[in-house]
file coords-v3.cif (mmCIF, C-alpha atoms)
data_protein
loop_
_atom_site.label_atom_id
_atom_site.label_comp_id
_atom_site.auth_asym_id
_atom_site.auth_seq_id
_atom_site.Cartn_x
_atom_site.Cartn_y
_atom_site.Cartn_z
CA MET A 7 -6.45 4.69 -13.52
CA LEU A 8 -7.02 6.29 -16.90
CA TYR A 9 -6.11 9.70 -18.18
CA LEU A 10 -8.73 10.73 -20.72
CA MET A 11 -8.02 13.31 -23.40
CA ALA A 12 -11.39 14.97 -23.11
CA CYS A 13 -13.45 16.96 -20.63
CA ASP A 14 -16.27 19.44 -20.39
CA ASN A 15 -15.75 22.32 -22.80
CA ASN A 16 -15.71 22.69 -26.56
CA VAL A 17 -12.50 23.02 -28.55
CA SER A 18 -11.57 24.43 -31.93
CA PRO A 19 -11.38 21.79 -34.72
CA GLY A 20 -7.94 20.38 -35.31
CA LEU A 21 -6.42 21.25 -31.89
CA GLU A 22 -5.93 17.57 -31.07
CA ASP A 23 -3.77 17.17 -34.19
CA SER A 24 -1.12 19.49 -32.75
CA PHE A 25 -0.13 16.98 -30.04
CA GLU A 26 1.81 13.88 -31.10
CA LEU A 27 0.49 11.76 -28.26
CA PHE A 28 1.57 8.30 -29.43
CA THR A 29 5.00 9.14 -30.87
CA GLY A 30 7.62 6.72 -29.55
CA LEU A 31 5.14 4.40 -27.81
CA GLU A 32 4.99 0.60 -28.32
CA LEU A 33 1.70 -0.86 -29.57
CA LEU A 34 0.29 -3.81 -27.55
CA PRO A 35 -1.16 -6.33 -30.06
CA GLU A 36 -3.44 -7.92 -27.41
CA ALA A 37 -5.28 -4.62 -26.92
CA GLU A 38 -5.82 -3.38 -30.49
CA ASN A 39 -9.62 -3.67 -30.33
CA THR A 40 -10.50 -2.66 -26.78
CA THR A 41 -13.93 -1.38 -25.74
CA LEU A 42 -14.45 1.34 -23.11
CA ARG A 43 -17.68 2.22 -21.31
CA ILE A 44 -17.21 5.65 -19.71
CA ASN A 45 -19.12 7.43 -16.93
CA LYS A 46 -18.35 10.54 -14.92
CA GLY A 47 -17.08 10.06 -11.39
CA SER A 48 -19.07 11.44 -8.50
CA ASP A 49 -18.65 13.23 -5.20
CA VAL A 50 -19.61 10.00 -3.48
CA GLN A 51 -16.76 8.12 -5.12
CA ASN A 52 -14.52 11.14 -4.67
CA ASP A 53 -11.54 9.41 -6.25
CA ALA A 54 -11.59 9.93 -10.04
CA TYR A 55 -12.86 12.27 -12.74
CA PHE A 56 -14.26 9.32 -14.73
CA LYS A 57 -15.08 5.66 -14.16
CA VAL A 58 -14.30 3.30 -17.04
CA ASN A 59 -15.09 -0.37 -17.74
CA ILE A 60 -12.56 -2.02 -20.06
CA SER A 61 -13.48 -5.06 -22.17
CA ASP A 62 -12.44 -7.04 -25.28
CA VAL A 63 -8.80 -7.20 -24.18
CA LEU A 64 -7.03 -10.47 -25.08
CA PRO A 65 -5.09 -12.30 -22.32
CA ASN A 66 -1.80 -10.55 -21.51
CA GLU A 67 0.27 -9.55 -18.49
CA PHE A 68 -0.27 -5.81 -18.87
CA ILE A 69 -3.89 -4.74 -19.42
CA LYS A 70 -6.93 -6.75 -18.37
CA ASN A 71 -10.71 -6.42 -18.59
CA VAL A 72 -11.32 -4.35 -15.45
CA SER A 73 -13.04 -1.27 -14.01
CA ALA A 74 -10.68 1.66 -13.55
CA ASP A 75 -10.43 5.30 -12.49
CA ALA A 76 -10.03 7.75 -15.34
CA TRP A 77 -8.54 11.21 -15.78
CA CYS A 78 -8.75 13.89 -18.45
CA LEU A 79 -5.69 15.18 -20.30
CA GLU A 80 -7.04 18.05 -22.42
CA TRP A 81 -8.98 20.32 -20.10
CA ASN A 82 -10.90 22.16 -22.85
CA LYS A 83 -12.19 19.19 -24.89
CA PRO A 84 -15.55 17.36 -24.50
CA LEU A 85 -16.08 13.60 -24.02
CA ARG A 86 -19.08 11.31 -24.36
CA SER A 87 -19.23 9.98 -20.80
CA ASN A 88 -22.86 9.22 -19.98
CA ASP A 89 -22.46 5.43 -20.03
CA ASP A 90 -21.15 5.87 -23.59
CA ILE A 91 -19.22 3.13 -25.38
CA HIS A 92 -15.96 3.77 -27.25
CA GLN A 93 -14.88 0.91 -29.54
CA GLY A 94 -11.78 0.08 -31.53
CA VAL A 95 -9.41 1.36 -28.85
CA ARG A 96 -5.69 0.59 -29.26
CA ALA A 97 -3.17 0.49 -26.38
CA PHE A 98 0.46 1.64 -26.33
CA ALA A 99 3.06 0.97 -23.61
CA THR A 100 4.66 4.06 -22.04
CA ALA A 101 7.07 2.43 -19.57
CA SER A 102 10.22 3.33 -21.54
CA ASN A 103 9.07 6.82 -22.56
CA ASP A 104 10.33 9.59 -20.27
CA LYS A 105 7.67 12.01 -21.52
CA TRP A 106 5.04 10.14 -19.48
CA LYS A 107 7.07 9.89 -16.29
CA PRO A 108 5.50 12.90 -14.48
CA LEU A 109 1.99 11.38 -14.69
CA ASN A 110 3.19 7.91 -13.71
CA TYR A 111 5.02 9.46 -10.78
CA LEU A 112 1.99 11.48 -9.68
CA PHE A 113 -0.18 8.39 -9.35
CA SER A 114 2.56 6.33 -7.73
CA ILE A 115 2.45 8.81 -4.81
CA GLN A 116 -1.29 9.51 -4.86
CA ASN A 117 -2.06 7.79 -1.55
CA ASP A 118 0.83 9.59 0.16
CA LEU A 119 -0.40 12.92 -1.16
CA LYS A 120 -3.87 12.36 0.30
CA ALA A 121 -2.31 12.03 3.74
CA GLN A 122 0.24 14.83 3.48
CA TYR A 123 -1.70 18.03 2.89
CA PRO A 124 -4.48 18.27 5.50
CA GLU A 125 -3.51 21.86 6.34
CA LYS A 126 -4.47 22.88 2.79
CA GLY A 127 -7.80 21.06 2.78
CA THR A 128 -9.02 17.68 1.62
CA LEU A 129 -7.37 16.38 -1.54
CA THR A 130 -10.27 15.45 -3.86
CA TYR A 131 -10.46 14.21 -7.43
CA ARG A 132 -10.83 17.85 -8.53
CA GLU A 133 -7.37 18.82 -7.30
CA MET A 134 -5.89 15.62 -8.74
CA GLN A 135 -7.56 16.31 -12.10
CA ALA A 136 -6.22 19.86 -12.17
CA VAL A 137 -2.71 18.54 -11.42
CA VAL A 138 -3.07 16.06 -14.32
CA TRP A 139 -3.95 18.95 -16.66
CA THR A 140 -1.00 20.96 -15.38
CA LEU A 141 1.44 18.08 -15.94
CA ALA A 142 -0.02 17.18 -19.34
CA GLY A 143 0.64 20.72 -20.49
CA TYR A 144 4.19 20.52 -19.16
CA MET A 145 4.70 17.21 -21.00
CA GLY A 146 3.62 18.76 -24.27
CA ILE A 147 0.73 16.35 -24.88
CA ALA A 148 -2.09 18.77 -24.01
CA PRO A 149 -2.84 22.52 -23.84
CA GLU A 150 -1.42 24.56 -20.99
CA PHE A 151 -3.45 24.57 -17.77
CA ASN A 152 -2.35 27.29 -15.35
CA VAL A 153 -4.47 27.87 -12.23
CA ASP A 154 -2.95 31.34 -11.82
CA LYS A 155 -4.07 32.44 -15.28
CA LEU A 156 -7.52 30.83 -15.59
CA SER A 157 -10.47 32.68 -14.08
CA ASP A 158 -13.34 30.81 -12.44
CA SER A 159 -15.51 31.31 -15.51
CA GLU A 160 -12.86 29.75 -17.77
CA LEU A 161 -12.61 26.53 -15.77
CA PRO A 162 -14.30 23.29 -16.90
CA SER A 163 -17.83 22.99 -15.52
CA ARG A 164 -17.02 20.22 -13.02
CA LEU A 165 -14.45 22.45 -11.38
CA ARG A 166 -17.02 25.17 -10.75
CA GLU A 167 -19.96 25.44 -8.36
CA ASN A 168 -22.29 28.47 -8.35
CA GLY A 169 -19.84 30.16 -10.69
CA LYS A 170 -16.86 29.72 -8.33
CA ALA A 171 -13.94 27.29 -8.33
CA ASN A 172 -14.72 24.26 -6.13
CA PHE A 173 -11.13 23.09 -5.68
CA SER A 174 -7.94 24.34 -4.00
CA ARG A 175 -5.76 26.22 -6.49
CA GLU A 176 -2.99 26.39 -3.89
CA MET A 177 -2.94 22.62 -3.44
CA VAL A 178 -2.76 22.12 -7.21
CA LYS A 179 0.30 24.37 -7.40
CA VAL A 180 2.05 22.72 -4.46
CA ILE A 181 1.55 19.18 -5.77
CA SER A 182 2.46 20.09 -9.35
CA GLU A 183 5.69 21.73 -8.20
CA LEU A 184 6.47 18.74 -5.99
CA VAL A 185 6.05 16.29 -8.90
CA LEU A 186 8.06 18.38 -11.35
CA LYS A 187 10.84 18.78 -8.80
CA ASN A 188 11.19 15.08 -8.02
CA TYR A 189 9.92 12.91 -10.88
CA SER A 190 13.15 12.82 -12.92
CA SER A 191 15.27 11.46 -10.05
CA SER A 192 12.63 9.09 -8.67
CA THR A 193 12.28 5.36 -9.16
CA ILE A 194 8.68 4.79 -10.29
CA SER A 195 6.93 1.50 -9.63
CA LEU A 196 3.98 2.28 -11.95
CA SER A 197 3.94 2.35 -15.75
CA GLY A 198 0.99 3.26 -17.90
CA PHE A 199 -0.56 2.62 -21.28
CA ALA A 200 -1.87 5.21 -23.71
CA LEU A 201 -5.08 4.16 -25.47
CA GLU A 202 -6.07 5.45 -28.88
CA THR A 203 -9.80 5.29 -29.54
CA GLU A 204 -11.60 5.05 -32.89
CA GLU A 205 -11.34 7.97 -35.31
CA GLY A 206 -13.11 11.11 -34.10
CA GLN A 207 -13.15 10.06 -30.44
CA GLN A 208 -10.86 10.97 -27.58
CA ASN A 209 -7.76 9.19 -26.29
CA VAL A 210 -7.05 7.71 -22.84
CA PHE A 211 -4.19 6.63 -20.59
CA ILE A 212 -4.42 3.68 -18.18
CA ILE A 213 -2.46 2.26 -15.26
CA PRO A 214 -4.28 -1.05 -14.64
CA PRO A 215 -5.18 -1.70 -10.98
CA SER A 216 -3.10 -4.55 -9.58
CA GLY A 217 -5.72 -5.71 -7.06
CA ILE A 218 -3.16 -5.75 -4.24
CA THR A 219 -1.77 -3.09 -1.87
CA THR A 220 1.55 -3.25 -0.01
CA ASN A 221 1.32 -2.50 3.71
CA GLU A 222 3.48 0.15 5.33
CA VAL A 223 6.82 -1.21 6.59
CA THR A 224 7.02 -1.26 10.41
CA ASN A 225 9.16 -2.67 13.24
CA VAL A 226 12.38 -2.04 11.31
CA THR A 227 15.54 -3.36 12.99
CA PRO A 228 19.08 -3.69 11.61
CA THR A 229 18.19 -7.08 10.07
CA THR A 230 14.38 -7.44 10.09
CA ALA A 231 11.15 -5.62 9.24
CA VAL A 232 7.39 -6.25 8.97
CA SER A 233 5.12 -5.54 6.00
CA GLY A 234 2.35 -7.48 4.23
CA GLY A 235 -0.51 -6.81 1.88
CA VAL A 236 -4.23 -6.36 1.26
CA ILE A 237 -5.78 -8.26 -1.65
CA GLU A 238 -8.64 -6.17 -3.01
CA ASP A 239 -9.34 -8.26 -6.13
CA SER A 240 -8.19 -11.88 -6.48
CA GLY A 241 -9.43 -12.20 -10.07
CA ASP A 242 -11.19 -15.21 -11.55
CA SER A 243 -9.00 -17.93 -10.00
CA PRO A 244 -7.85 -18.70 -6.42
CA ILE A 245 -4.72 -17.12 -4.94
CA THR A 246 -2.17 -19.96 -4.62
CA GLN A 247 0.67 -17.96 -3.04
CA LYS A 248 1.14 -14.48 -1.56
CA GLY A 249 3.74 -12.51 0.34
CA VAL A 250 6.20 -9.65 -0.11
CA CYS A 251 9.38 -9.38 -2.18
CA TRP A 252 12.29 -7.08 -1.36
CA SER A 253 15.56 -5.98 -2.90
CA THR A 254 18.09 -3.16 -2.86
CA SER A 255 16.95 -2.46 -6.44
CA ALA A 256 13.59 -0.96 -7.40
CA ASN A 257 10.54 -3.05 -8.34
CA PRO A 258 11.46 -6.37 -6.65
CA THR A 259 9.87 -9.53 -8.06
CA THR A 260 9.54 -13.19 -7.07
CA ALA A 261 13.04 -13.67 -8.52
CA ASP A 262 14.34 -11.68 -5.53
CA SER A 263 14.00 -12.42 -1.80
CA CYS A 264 10.35 -13.09 -0.88
CA THR A 265 8.15 -14.43 1.89
CA ASN A 266 5.49 -17.10 1.36
CA ASP A 267 2.51 -16.19 3.51
CA GLY A 268 0.10 -18.86 2.33
CA SER A 269 -2.79 -18.79 -0.11
CA GLY A 270 -6.30 -17.34 -0.36
CA PRO A 271 -7.66 -13.78 -0.58
CA ASP A 272 -7.26 -12.70 3.07
CA ASP A 273 -5.04 -9.82 4.17
CA PHE A 274 -1.62 -10.98 5.32
CA SER A 275 1.37 -9.90 7.41
CA SER A 276 4.94 -10.64 6.31
CA ASN A 277 8.07 -10.95 8.45
CA ILE A 278 11.12 -9.82 6.45
CA SER A 279 14.48 -11.16 7.65
CA GLY A 280 18.10 -11.56 6.57
CA LEU A 281 18.59 -7.83 5.89
CA ASN A 282 21.86 -5.93 5.94
CA GLN A 283 22.47 -3.11 8.40
CA SER A 284 22.12 0.54 7.33
CA THR A 285 20.71 -0.37 3.90
CA MET A 286 17.75 0.97 1.94
CA TYR A 287 15.34 -1.66 0.59
CA TYR A 288 12.40 -1.68 -1.82
CA VAL A 289 9.44 -3.93 -0.99
CA ARG A 290 6.26 -4.96 -2.87
CA ALA A 291 3.44 -7.32 -1.98
CA TYR A 292 2.64 -10.04 -4.51
CA ALA A 293 -0.11 -12.58 -5.20
CA ILE A 294 -0.09 -15.52 -7.63
CA ASN A 295 -3.00 -17.25 -9.36
CA GLU A 296 -3.57 -18.96 -12.71
CA ALA A 297 -3.50 -15.61 -14.50
CA GLY A 298 0.04 -14.87 -13.27
CA THR A 299 1.68 -12.70 -10.61
CA ALA A 300 0.32 -9.32 -9.50
CA TYR A 301 2.42 -6.82 -7.53
CA GLY A 302 1.32 -4.08 -5.17
CA ASN A 303 2.65 -0.55 -4.79
CA GLN A 304 6.31 -0.15 -3.93
CA ARG A 305 7.51 1.03 -0.52
CA THR A 306 10.99 1.76 0.80
CA PHE A 307 12.60 1.42 4.22
CA THR A 308 16.10 1.67 5.69
CA THR A 309 17.64 -0.62 8.26
CA GLY A 310 19.80 0.74 11.05
CA LEU A 311 23.00 -0.16 12.82
CA ALA A 312 23.14 -2.83 15.50
CA GLY A 313 23.13 -1.41 19.01
CA GLU A 314 26.14 -1.85 21.30
CA VAL A 315 27.18 -0.59 24.73
CA ASP A 316 29.47 1.84 22.94
CA LYS A 317 29.57 4.83 25.28
CA GLU A 318 30.23 5.21 28.97
CA LEU A 319 29.02 8.16 31.03
CA ASN A 320 30.84 8.40 34.36
CA VAL A 321 31.04 12.15 35.08
CA CYS A 322 28.11 14.44 35.88
CA GLY A 323 27.86 18.15 35.26
CA GLU A 324 29.52 18.03 31.82
CA TRP A 325 28.19 17.36 28.34
CA SER A 326 29.36 14.08 26.83
CA ALA A 327 29.24 13.82 23.03
CA SER A 328 27.91 10.83 21.12
CA GLN A 329 30.13 9.00 18.65
CA SER A 330 27.42 8.75 16.01
CA GLY A 331 26.14 10.95 13.23
CA GLY A 332 24.91 9.69 9.87
CA PHE A 333 22.47 7.95 7.56
CA GLY A 334 20.06 5.23 8.69
CA VAL A 335 18.88 4.26 12.15
CA THR A 336 21.67 4.55 14.73
CA VAL A 337 21.36 2.95 18.16
CA ASP A 338 23.65 4.12 20.98
CA THR A 339 23.56 2.28 24.29
CA TRP A 340 25.03 4.23 27.22
CA ASP A 341 26.55 2.65 30.33
CA ILE A 342 25.68 4.75 33.42
CA SER A 343 26.60 2.21 36.10
CA GLU A 344 28.92 4.70 37.87
CA ILE A 345 26.29 7.45 38.03
CA PRO A 346 24.43 7.80 41.39
CA VAL A 347 20.79 6.74 41.59
CA GLY A 348 18.48 9.77 41.43
CA SER A 349 20.65 11.70 38.94
CA SER A 350 18.74 13.42 36.15
CA PHE A 351 19.67 13.34 32.46
CA ASP A 352 19.51 15.94 29.69
CA ILE A 353 20.00 15.78 25.91
CA ARG A 354 20.92 18.47 23.41
CA PHE A 355 21.17 17.95 19.65
CA ASP A 356 21.68 19.58 16.27
CA ALA A 357 20.06 18.08 13.15
CA LEU A 358 21.69 20.76 11.02
CA ASN A 359 19.58 20.99 7.83
CA GLN A 360 18.21 17.59 6.84
CA PRO A 361 15.58 16.33 9.31
CA ASP A 362 16.60 13.75 11.92
CA ARG A 363 14.82 12.34 14.95
CA TYR A 364 16.06 11.58 18.48
CA VAL A 365 14.39 9.07 20.81
CA VAL A 366 15.60 8.23 24.34
CA GLU A 367 14.65 4.96 26.08
CA TYR A 368 14.99 4.34 29.82
CA PRO A 369 14.81 1.56 30.76
CA ILE A 370 15.67 0.25 27.28
CA GLY A 371 12.40 -0.32 25.46
CA ASN A 372 10.55 2.40 27.41
CA GLU A 373 10.46 5.67 25.47
CA VAL A 374 10.94 8.73 27.69
CA TYR A 375 11.68 11.36 25.03
CA ASP A 376 10.93 11.85 21.33
CA SER A 377 12.19 15.03 19.65
CA GLY A 378 10.04 14.57 16.53
CA TRP A 379 11.60 15.39 13.17
CA ARG A 380 13.94 18.36 13.51
CA GLY A 381 15.52 20.27 10.61
CA LEU A 382 14.77 22.93 8.02
CA GLU A 383 11.10 23.81 7.68
CA TRP A 384 11.02 23.38 3.90
CA PHE A 385 11.11 19.61 4.50
CA TYR A 386 7.68 19.90 6.12
CA ASN A 387 5.24 17.27 4.81
CA ASP A 388 7.44 16.20 1.90
CA PRO A 389 6.10 12.74 0.94
CA ILE A 390 8.61 12.33 -1.85
CA ARG A 391 11.97 12.70 -0.14
CA PHE A 392 10.78 11.20 3.17
CA PRO A 393 7.70 8.99 2.49
CA GLU A 394 8.29 6.55 5.36
CA PHE A 395 10.31 8.43 7.98
CA GLN A 396 8.32 11.57 8.69
CA PRO A 397 4.64 11.28 7.89
CA GLU A 398 3.84 14.08 10.33
CA GLY A 399 6.40 16.55 8.95
CA VAL A 400 9.14 18.57 10.64
CA VAL A 401 8.10 19.76 14.10
CA GLY A 402 10.89 22.17 14.89
CA PRO A 403 14.31 23.64 13.99
CA GLY A 404 17.40 21.47 13.94
CA GLN A 405 18.84 22.53 17.28
CA GLY A 406 17.16 21.63 20.56
CA GLN A 407 17.64 20.69 24.19
CA GLU A 408 15.48 18.81 26.69
CA ASP A 409 16.30 18.63 30.41
CA ASN A 410 15.16 16.11 33.01
CA ILE A 411 14.14 13.46 30.51
CA PHE A 412 14.60 10.74 33.15
CA GLU A 413 16.09 10.02 36.58
CA LYS A 414 18.30 7.04 37.18
CA ASP A 415 16.95 4.16 39.23
CA ALA A 416 18.36 0.62 39.38
CA GLN A 417 18.80 0.36 35.60
CA ASN A 418 22.40 0.96 34.46
CA THR A 419 21.90 1.55 30.72
CA PHE A 420 19.81 3.79 28.53
CA ARG A 421 19.49 3.97 24.77
CA VAL A 422 19.38 6.78 22.20
CA VAL A 423 17.93 5.95 18.76
CA VAL A 424 18.58 8.49 16.00
CA THR A 425 16.92 8.22 12.59
CA GLY A 426 18.68 9.97 9.69
CA PRO A 427 16.59 9.05 6.64
CA GLN A 428 18.43 11.06 3.98
CA GLN A 429 21.75 10.04 2.41
CA GLY A 430 24.46 12.47 3.45
CA THR A 431 22.74 13.63 6.65
CA ILE A 432 24.97 14.75 9.53
CA TRP A 433 23.77 15.17 13.09
CA PHE A 434 25.12 15.54 16.64
CA TYR A 435 23.86 15.05 20.17
CA ASP A 436 25.30 15.32 23.70
CA ILE A 437 24.22 13.77 27.00
CA ARG A 438 24.58 15.30 30.47
CA CYS A 439 23.76 14.00 33.93
CA ARG A 440 23.16 16.19 36.96
CA ILE A 441 23.40 14.99 40.57
CA PRO A 442 20.50 16.27 42.69
CA ASP A 443 21.29 18.91 45.30
#
call {"tool": "encode", "arguments": {"input": "coords-v3.cif", "output": "structure tokens"}}
result
Amino acid sequence: MLYLMACDNNVSPGLEDSFELFTGLELLPEAENTTLRINKGSDVQNDAYFKVNISDVLPNEFIKNVSADAWCLEWNKPLRSNDDIHQGVRAFATASNDKWKPLNYLFSIQNDLKAQYPEKGTLTYREMQAVVWTLAGYMGIAPEFNVDKLSDSELPSRLRENGKANFSREMVKVISELVLKNYSSSTISLSGFALETEEGQQNVFIIPPSGITTNEVTNVTPTTAVSGGVIEDSGDSPITQKGVCWSTSANPTTADSCTNDGSGPDDFSSNISGLNQSTMYYVRAYAINEAGTAYGNQRTFTTGLAGEVDKELNVCGEWSASQSGGFGVTVDTWDISEIPVGSSFDIRFDALNQPDRYVVEYPIGNEVYDSGWRGLEWFYNDPIRFPEFQPEGVVGPGQGQEDNIFEKDAQNTFRVVVTGPQQGTIWFYDIRCRIPD
């Protein structure tokens, strides 16, 4: 996607000179004479403020001749965008420049954000564009954009309809605050390029599309997991190898552990194995052709601890405490061979502050209770701290109790699986059986 330093309204001469946009950025020699063809996005596309075709880029591993989404940086500046051509564009790398990290971070979590805020309305390109303006002002590369200060009449024309704002100001504030709170401590898998157009024209920022998306990680065990990828654009030459790469460090590559899931442009599933217990991993899909290796978006997952028959319950009528309580996925298998058939079982728990989740299986493999994520409400729908573990948000306070979750039959073991996705989490649970009257 591209961030374009131009929009709908006029601006006083010389304002652009007050922002040192390219200071500290590295010039890419292969993209010193790039051509851009720019059009406005549409409600039908509903995914970007502008659509841009990029051409005249020499072969390199960073920027290619592609079509891309585009975003404005200076909210009060005009841009020629009716199929207009901008020539003589130069590109600068921003990967090592912390000033650009908030925008890179925003678009690294864009898909998660679309899924996380349904209660505040649909996240459209208008909200995303307003967040870009807010962050650009914070970064000091564009004028301030504050949705609390700007009236409807002061907004750019594409953010107004019948004289009223046609976007959610509340959503813009929530997402902006979320990015500014988390970007500095986050590992970002995207890095962008600032593009300087010919004299008198506006400037742009691009994160080239990779053409491949990493699937969500599922079926996580202490030593295995499942992911894969979707190849949206295989380029001009056949895909000769594809799969996923994983590591305990961010941005894994083919130099790390990887699967080989064949060739060709079809979607693929990847079985990840050889993992360590209770460890957080980063994973990215990859695809190789003659042009090189392309990587998908980065995902994270955490393995759990191997299950054991580590607790015996042989007395009814009293609460029996678990021996577990920490980070990762913990599996407790309970031996209830001395408990009479027909006895009922209860669970009580305390997730304290950080959200945790409790699942009971009886017989093992058959889920009879799921507490949902329990903890402090401010964790609700936080796609940054908990992108994989709680897509539906916190469903209740930390403490809880559920009675009669199952009755014993011929099976002599049951299992409790607790997920504690945040480092430093502490949780407790107790089990009780009750003999029927």
call {"tool": "resolve_selection", "arguments": {"input": "coords-v3.cif", "expression": "the PyMOL selection byres ((chain A and resi 359) around 7)", "output": "MDAnalysis selection string"}}
result
chainID A and resid 357:358 360:361 381:382 404
call {"tool": "write_last_selection", "arguments": {"input": "coords-v3.cif", "atoms": "C-alpha atoms", "output": "PDB file, in the coordinates of the input"}}
result
ATOM      1  CA  ALA A 357      20.060  18.080  13.150  1.00  0.00           C
ATOM      2  CA  LEU A 358      21.690  20.760  11.020  1.00  0.00           C
ATOM      3  CA  GLN A 360      18.210  17.590   6.840  1.00  0.00           C
ATOM      4  CA  PRO A 361      15.580  16.330   9.310  1.00  0.00           C
ATOM      5  CA  GLY A 381      15.520  20.270  10.610  1.00  0.00           C
ATOM      6  CA  LEU A 382      14.770  22.930   8.020  1.00  0.00           C
ATOM      7  CA  GLY A 404      17.400  21.470  13.940  1.00  0.00           C
TER       8      GLY A 404
END
call {"tool": "atom_distance", "arguments": {"input": "coords-v3.cif", "atom1": "atom CA of A:Phe412", "atom2": "atom CA of A:Val337"}}
result
18.2 Å
call {"tool": "closest_residue", "arguments": {"input": "coords-v3.cif", "among": "A:Arg175, A:Trp433, A:Val63, A:Glu38", "to": "A:Leu161", "atoms": "only C-alpha atoms"}}
result
A:Arg175
call {"tool": "residues_around", "arguments": {"input": "coords-v3.cif", "residues": "A:Ile237", "least_positions_apart": "5", "cutoff": "7 Å", "atoms": "all atoms listed in the file", "output": "NGL selection string"}}
result
:A and (217-219 or 271-273)
call {"tool": "closest_residue", "arguments": {"input": "coords-v3.cif", "among": "A:Thr203, A:Asn188, A:Phe56, A:Glu176", "to": "A:Gly94", "atoms": "only C-alpha atoms"}}
result
A:Thr203
call {"tool": "closest_residue", "arguments": {"input": "coords-v3.cif", "among": "A:Thr100, A:Gln304, A:Asn277, A:Ser284", "to": "A:Ser114", "atoms": "only C-alpha atoms"}}
result
A:Gln304
call {"tool": "atom_distance", "arguments": {"input": "coords-v3.cif", "atom1": "atom CA of A:Glu204", "atom2": "atom CA of A:Leu79"}}
result
17.2 Å
call {"tool": "closest_residue", "arguments": {"input": "coords-v3.cif", "among": "A:Ile69, A:Ile213, A:Val226, A:Leu27", "to": "A:Ala142", "atoms": "all atoms listed in the file"}}
result
A:Leu27
call {"tool": "closest_atom_pairs", "arguments": {"input": "coords-v3.cif", "of": "stretch 30-125 of chain A", "to": "stretch 240-254 of chain A", "cutoff": "12 Å", "atoms": "only C-alpha atoms", "output": "CSV"}}
result
residue,atom,partner,partner_atom,distance
A:Lys70,CA,A:Gly241,CA,10.2
A:Asn71,CA,A:Gly241,CA,10.4
A:Val72,CA,A:Gly241,CA,9.7
call {"tool": "resolve_selection", "arguments": {"input": "coords-v3.cif", "expression": "the PyMOL selection byres ((chain A and resi 28) around 9)", "output": "PyMOL selection string"}}
result
chain A and resi 25-27+29-32+98+200-202
call {"tool": "closest_residue", "arguments": {"input": "coords-v3.cif", "among": "A:Ile441, A:Val236, A:Ile278, A:Ala76", "to": "A:Asn221", "atoms": "only C-alpha atoms"}}
result
A:Val236
call {"tool": "resolve_selection", "arguments": {"input": "coords-v3.cif", "expression": "the PyMOL selection byres ((chain A and resi 74) around 10)", "output": "compact mmCIF listing (two decimals) with C-alpha atoms, keeping the file's coordinate frame"}}
result
# COMPACT_ATOMS: atom_id res chain seq x y z
CA MET A 7 -6.45 4.69 -13.52
CA LEU A 8 -7.02 6.29 -16.90
CA ILE A 44 -17.21 5.65 -19.71
CA ALA A 54 -11.59 9.93 -10.04
CA PHE A 56 -14.26 9.32 -14.73
CA LYS A 57 -15.08 5.66 -14.16
CA VAL A 58 -14.30 3.30 -17.04
CA ASN A 59 -15.09 -0.37 -17.74
CA ILE A 60 -12.56 -2.02 -20.06
CA ASN A 71 -10.71 -6.42 -18.59
CA VAL A 72 -11.32 -4.35 -15.45
CA SER A 73 -13.04 -1.27 -14.01
CA ASP A 75 -10.43 5.30 -12.49
CA ALA A 76 -10.03 7.75 -15.34
CA ILE A 212 -4.42 3.68 -18.18
CA ILE A 213 -2.46 2.26 -15.26
CA PRO A 214 -4.28 -1.05 -14.64
CA PRO A 215 -5.18 -1.70 -10.98
call {"tool": "closest_residue", "arguments": {"input": "coords-v3.cif", "among": "A:Val400, A:Val138, A:Ile370, A:Val335", "to": "A:Val423", "atoms": "all atoms listed in the file"}}
result
A:Val335
call {"tool": "axis_aligned_box", "arguments": {"input": "coords-v3.cif", "around": "stretch 317-335 of chain A", "padding_each_side": "3 Å", "output": "AutoDock Vina command-line options"}}
result
--center_x 25.0 --center_y 11.2 --center_z 21.7 --size_x 18.2 --size_y 19.9 --size_z 34.3
call {"tool": "residues_around", "arguments": {"input": "coords-v3.cif", "residues": "A:Thr224", "least_positions_apart": "2", "cutoff": "12 Å", "atoms": "only C-alpha atoms", "output": "CSV table (one decimal) with C-alpha atoms, in the coordinates of the input"}}
result
chain,number,residue,atom,x,y,z
A,220,THR,CA,1.6,-3.2,0.0
A,221,ASN,CA,1.3,-2.5,3.7
A,222,GLU,CA,3.5,0.2,5.3
A,226,VAL,CA,12.4,-2.0,11.3
A,227,THR,CA,15.5,-3.4,13.0
A,230,THR,CA,14.4,-7.4,10.1
A,231,ALA,CA,11.2,-5.6,9.2
A,232,VAL,CA,7.4,-6.2,9.0
A,233,SER,CA,5.1,-5.5,6.0
A,234,GLY,CA,2.4,-7.5,4.2
A,275,SER,CA,1.4,-9.9,7.4
A,276,SER,CA,4.9,-10.6,6.3
A,277,ASN,CA,8.1,-11.0,8.4
A,278,ILE,CA,11.1,-9.8,6.4
A,289,VAL,CA,9.4,-3.9,-1.0
A,305,ARG,CA,7.5,1.0,-0.5
A,306,THR,CA,11.0,1.8,0.8
A,307,PHE,CA,12.6,1.4,4.2
A,308,THR,CA,16.1,1.7,5.7
A,309,THR,CA,17.6,-0.6,8.3
A,394,GLU,CA,8.3,6.6,5.4
A,395,PHE,CA,10.3,8.4,8.0
call {"tool": "atom_distance", "arguments": {"input": "coords-v3.cif", "atom1": "atom CA of A:Glu167", "atom2": "atom CA of A:Tyr111"}}
result
29.8 Å
call {"tool": "residues_around", "arguments": {"input": "coords-v3.cif", "residues": "stretch 346-349 of chain A", "least_positions_apart": "3", "cutoff": "9 Å", "atoms": "all atoms listed in the file", "output": "ChimeraX atom specification"}}
result
/A:322,342-343,412-417,439-442
